[in-house]
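S.K.: Data file run.csv (CSV, C-alpha atoms and all ligand atoms) is appended below.
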```
chain,number,residue,atom,x,y,z
R,1,MET,CA,-139.7,8.6,75.9
R,2,SER,CA,-142.4,8.6,73.4
R,3,LEU,CA,-145.2,11.1,74.0
R,4,ARG,CA,-148.6,10.7,72.6
R,5,MET,CA,-150.1,13.8,71.1
R,6,PRO,CA,-153.7,14.5,72.2
R,7,GLU,CA,-156.3,13.6,69.6
R,8,SER,CA,-158.7,16.1,70.9
R,9,MET,CA,-158.6,19.3,73.0
R,10,ASP,CA,-161.1,17.6,75.3
R,11,GLU,CA,-158.3,15.4,76.6
R,12,CYS,CA,-156.3,18.4,77.8
R,13,ILE,CA,-156.6,21.3,80.2
R,14,TYR,CA,-153.8,23.1,78.4
R,15,PHE,CA,-152.6,23.0,74.8
R,16,THR,CA,-150.4,25.3,72.9
R,17,ARG,CA,-148.4,25.5,69.7
R,18,ARG,CA,-145.6,28.0,69.4
R,19,LYS,CA,-143.1,29.1,66.8
R,20,LEU,CA,-139.8,30.4,68.1
R,21,GLU,CA,-136.9,32.1,66.6
R,22,ASN,CA,-134.5,30.2,64.3
R,23,ASP,CA,-137.2,27.6,63.3
R,24,GLY,CA,-137.6,26.5,66.9
R,25,ARG,CA,-141.0,25.2,67.8
R,26,ILE,CA,-143.0,23.9,70.7
R,27,ILE,CA,-146.1,21.9,71.0
R,28,ALA,CA,-147.1,21.4,74.6
R,29,TRP,CA,-150.1,20.1,76.4
R,30,VAL,CA,-151.4,18.9,79.8
R,31,TYR,CA,-153.7,15.9,80.0
R,32,ARG,CA,-156.6,15.9,82.3
R,33,LYS,CA,-156.0,14.0,85.5
R,34,THR,CA,-158.0,10.8,86.2
R,35,CYS,CA,-159.9,11.2,89.4
R,36,PRO,CA,-157.8,9.8,92.2
R,37,ARG,CA,-160.9,8.9,94.2
R,38,CYS,CA,-163.1,6.9,91.8
R,39,GLY,CA,-160.8,6.5,88.8
R,40,ARG,CA,-163.7,6.5,86.5
R,41,ALA,CA,-163.4,10.0,84.9
R,42,GLU,CA,-161.1,12.8,84.1
R,43,MET,CA,-161.2,15.9,86.2
R,44,GLY,CA,-162.0,19.3,84.9
R,45,LYS,CA,-163.4,22.7,85.8
R,46,PRO,CA,-166.8,22.3,87.5
R,47,ILE,CA,-169.8,22.4,85.2
R,48,ASP,CA,-172.3,25.2,85.5
R,49,PRO,CA,-175.6,23.4,86.2
R,50,LYS,CA,-177.5,26.1,84.2
R,51,THR,CA,-175.3,26.4,81.1
R,52,LYS,CA,-173.7,22.9,81.2
R,53,LYS,CA,-170.4,24.6,80.3
R,54,PRO,CA,-167.2,24.4,82.4
R,55,MET,CA,-166.8,27.4,84.7
R,56,ILE,CA,-163.3,28.3,83.5
R,57,ARG,CA,-162.8,30.9,86.3
R,58,ALA,CA,-163.5,28.4,89.0
R,59,ASP,CA,-160.8,27.8,91.6
R,60,THR,CA,-161.3,24.1,91.7
R,61,TYR,CA,-161.2,21.0,89.5
R,62,GLU,CA,-163.9,18.5,89.9
R,63,CYS,CA,-164.6,14.9,89.0
R,64,PRO,CA,-167.9,14.7,86.9
R,65,GLU,CA,-168.6,11.2,88.2
R,66,CYS,CA,-168.2,11.4,92.0
R,67,GLY,CA,-167.9,15.1,92.6
R,68,TYR,CA,-164.4,14.9,94.2
R,69,SER,CA,-162.7,18.3,93.9
R,70,GLU,CA,-159.2,19.7,94.3
R,71,PRO,CA,-158.1,23.3,94.7
R,72,ARG,CA,-156.8,24.6,91.4
R,73,GLN,CA,-153.2,25.3,92.4
R,74,GLU,CA,-152.8,21.9,94.1
R,75,HIS,CA,-154.4,20.1,91.2
R,76,GLU,CA,-152.3,21.9,88.5
R,77,GLU,CA,-149.0,21.4,90.4
R,78,SER,CA,-149.6,17.7,90.4
R,79,LEU,CA,-149.7,17.6,86.6
R,80,ASN,CA,-147.0,17.7,84.0
R,81,VAL,CA,-146.7,19.6,80.8
R,82,GLU,CA,-145.7,17.3,77.9
R,83,VAL,CA,-143.6,19.0,75.3
R,84,ILE,CA,-142.4,18.2,71.8
R,85,TYR,CA,-139.9,20.8,70.7
R,86,THR,CA,-137.2,21.9,68.3
R,87,CYS,CA,-134.7,24.0,70.2
R,88,PRO,CA,-134.3,27.5,68.9
R,89,TYR,CA,-130.7,27.6,70.2
R,90,CYS,CA,-129.2,24.3,68.9
R,91,GLY,CA,-131.8,22.8,66.6
R,92,HIS,CA,-132.2,19.6,68.6
R,93,SER,CA,-135.6,18.0,68.3
R,94,GLY,CA,-136.9,16.1,71.3
R,95,GLU,CA,-139.6,15.4,73.8
R,96,THR,CA,-139.7,16.2,77.5
R,97,THR,CA,-142.0,16.9,80.4
R,98,THR,CA,-142.0,19.7,83.0
R,99,LYS,CA,-144.1,20.6,85.9
R,100,TYR,CA,-147.4,22.4,85.2
R,101,LYS,CA,-146.3,25.4,87.2
R,102,ARG,CA,-145.1,28.7,85.9
R,103,LYS,CA,-141.6,29.9,86.9
R,104,THR,CA,-139.9,33.1,86.1
R,105,TRP,CA,-137.9,32.8,82.9
R,106,GLU,CA,-136.1,35.8,81.3
R,107,GLY,CA,-138.3,38.1,83.4
R,108,VAL,CA,-141.7,36.6,82.5
R,109,LYS,CA,-143.8,33.7,83.8
R,110,ALA,CA,-143.4,30.6,81.8
R,111,TYR,CA,-143.4,26.8,81.9
R,112,VAL,CA,-139.7,26.1,81.7
R,113,PHE,CA,-138.0,23.0,80.3
R,114,VAL,CA,-134.4,22.2,79.5
R,115,CYS,CA,-133.2,21.3,76.0
R,116,GLU,CA,-131.6,17.8,76.0
R,117,GLY,CA,-129.3,18.9,73.2
R,118,CYS,CA,-127.7,22.1,74.6
R,119,GLY,CA,-128.9,22.3,78.2
R,120,LYS,CA,-130.5,25.7,77.7
R,121,LYS,CA,-133.7,26.6,79.3
R,122,ILE,CA,-136.7,27.2,77.1
R,123,GLY,CA,-139.8,28.9,78.4
R,124,ILE,CA,-143.4,28.6,77.2
R,125,THR,CA,-144.7,32.0,78.1
R,126,LYS,CA,-148.2,32.9,79.0
R,127,LYS,CA,-149.0,34.8,75.9
R,128,MET,CA,-147.4,35.1,72.5
R,129,LYS,CA,-145.4,38.0,73.7
R,130,GLU,CA,-142.5,39.1,71.6
R,131,LYS,CA,-139.4,39.4,73.6
R,132,LYS,CA,-138.0,42.9,73.6
R,133,ARG,CA,-134.9,43.2,71.6
R,134,GLY,CA,-132.2,45.3,73.1
V,1,ZN,ZN,-164.3,10.7,90.8
V,2,ZN,ZN,-130.8,23.1,72.4
```
Would you encode the structure as structure tokens?
M.R.:
Amino acid sequence: MSLRMPESMDECIYFTRRKLENDGRIIAWVYRKTCPRCGRAEMGKPIDPKTKKPMIRADTYECPECGYSEPRQEHEESLNVEVIYTCPYCGHSGETTTKYKRKTWEGVKAYVFVCEGCGKKIGITKKMKEKKRG
């Protein structure tokens, strides 16, 4: 597998860069989905006709060309998060993809993928929350 890193944030509906313990790191993104109806444009949040800016709180994604729209959850669950990582547990560097859907991981919501080196689950949590140390 060879992932292509996005060249611009405009290509993505999600992008994050994280530093983890033990020199682990994650770069993860989700590309916009090409409209399944017209195939001519990438879908995104609907554009506010007044401000011409995407309405980030909208519950739908829309094609700017043909107006085709999908509910947010259905749309997001049809996408994949692409991940380039260095595992904080074993130091393995690799690439993988996982569903663009948060799961519960160590008690918090996260996009979860499995390290190809050691098989441990690694979560991309919602915010840069420090895990509590016991
Ligand atoms: Zn379209
Ligand atoms: Zn690992």
S.K.: Do you know which residues are at most 7 Å from Ile122 in chain R counting only C-alpha atoms, after dropping those on the same chain fewer than 4 positions away, and could you put them as a list in words?
M.R.: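 Non-adjacent residues within range: Val112, Phe113, Val114 and Cys115 of chain R.
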S.K.: So that I have them on file, write out the residues from the current selection with C-alpha atoms, as a PDB file, in the frame of the given file.
M.R.:
```pdb
ATOM      1  CA  VAL R 112    -139.700  26.100  81.700  1.00  0.00           C
ATOM      2  CA  PHE R 113    -138.000  23.000  80.300  1.00  0.00           C
ATOM      3  CA  VAL R 114    -134.400  22.200  79.500  1.00  0.00           C
ATOM      4  CA  CYS R 115    -133.200  21.300  76.000  1.00  0.00           C
TER       5      CYS R 115
END
```
S.K.: How many Å separate CA of Glu70 in chain R from CA of Thr16 in chain R?
M.R.: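 For CA of Glu70 in chain R relative to CA of Thr16 in chain R, the distance reads 23.8 Å.
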S.K.: For the contact check between chain R and ligand ZN 2 (chain V), emit one row per residue of chain R within 10 Å, containing the shortest atom pair and the distance in Å rounded to one decimal, counting all atoms listed in the file, chain then rising number order, as CSV.
M.R.:
```
residue,atom,partner,partner_atom,distance
R:Gly24,CA,V:ZN2,ZN,9.4
R:Tyr85,CA,V:ZN2,ZN,9.5
R:Thr86,CA,V:ZN2,ZN,7.7
R:Cys87,CA,V:ZN2,ZN,4.6
R:Pro88,CA,V:ZN2,ZN,6.6
R:Tyr89,CA,V:ZN2,ZN,5.0
R:Cys90,CA,V:ZN2,ZN,4.0
R:Gly91,CA,V:ZN2,ZN,5.9
R:His92,CA,V:ZN2,ZN,5.4
R:Ser93,CA,V:ZN2,ZN,8.1
R:Gly94,CA,V:ZN2,ZN,9.3
R:Val114,CA,V:ZN2,ZN,8.0
R:Cys115,CA,V:ZN2,ZN,4.7
R:Glu116,CA,V:ZN2,ZN,6.5
R:Gly117,CA,V:ZN2,ZN,4.5
R:Cys118,CA,V:ZN2,ZN,3.9
R:Gly119,CA,V:ZN2,ZN,6.2
R:Lys120,CA,V:ZN2,ZN,5.9
R:Lys121,CA,V:ZN2,ZN,8.3
R:Ile122,CA,V:ZN2,ZN,8.6
```
S.K.: Please identify all polymer residues within 7 Å of Pro46 in chain R, counting all atoms listed in the file, omitting same-chain residues fewer than 6 positions from it, and present them as a PyMOL selection string.
M.R.: chain R and resi 54-55+61-62
S.K.: From the set R:Val30, R:Tyr68, R:Arg4, R:Glu21, which residue has the shortest atom-to-atom contact distance to Thr98 in chain R, counting all atoms listed in the file?
M.R.: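 Checking each candidate against Thr98 in chain R, we get R:Val30 as the closest.
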S.K.: Please identify every polymer residue within 8 Å of ligand ZN 1 (chain V), using only C-alpha atoms and all ligand atoms, and present the set as a PyMOL selection string.
M.R.: chain R and resi 34-43+62-68
S.K.: Write out, as a PDB file, in the coordinates of the input, the residues just selected, with C-alpha atoms.
M.R.:
```
ATOM      1  CA  THR R  34    -158.000  10.800  86.200  1.00  0.00           C
ATOM      2  CA  CYS R  35    -159.900  11.200  89.400  1.00  0.00           C
ATOM      3  CA  PRO R  36    -157.800   9.800  92.200  1.00  0.00           C
ATOM      4  CA  ARG R  37    -160.900   8.900  94.200  1.00  0.00           C
ATOM      5  CA  CYS R  38    -163.100   6.900  91.800  1.00  0.00           C
ATOM      6  CA  GLY R  39    -160.800   6.500  88.800  1.00  0.00           C
ATOM      7  CA  ARG R  40    -163.700   6.500  86.500  1.00  0.00           C
ATOM      8  CA  ALA R  41    -163.400  10.000  84.900  1.00  0.00           C
ATOM      9  CA  GLU R  42    -161.100  12.800  84.100  1.00  0.00           C
ATOM     10  CA  MET R  43    -161.200  15.900  86.200  1.00  0.00           C
ATOM     11  CA  GLU R  62    -163.900  18.500  89.900  1.00  0.00           C
ATOM     12  CA  CYS R  63    -164.600  14.900  89.000  1.00  0.00           C
ATOM     13  CA  PRO R  64    -167.900  14.700  86.900  1.00  0.00           C
ATOM     14  CA  GLU R  65    -168.600  11.200  88.200  1.00  0.00           C
ATOM     15  CA  CYS R  66    -168.200  11.400  92.000  1.00  0.00           C
ATOM     16  CA  GLY R  67    -167.900  15.100  92.600  1.00  0.00           C
ATOM     17  CA  TYR R  68    -164.400  14.900  94.200  1.00  0.00           C
TER      18      TYR R  68
END
```
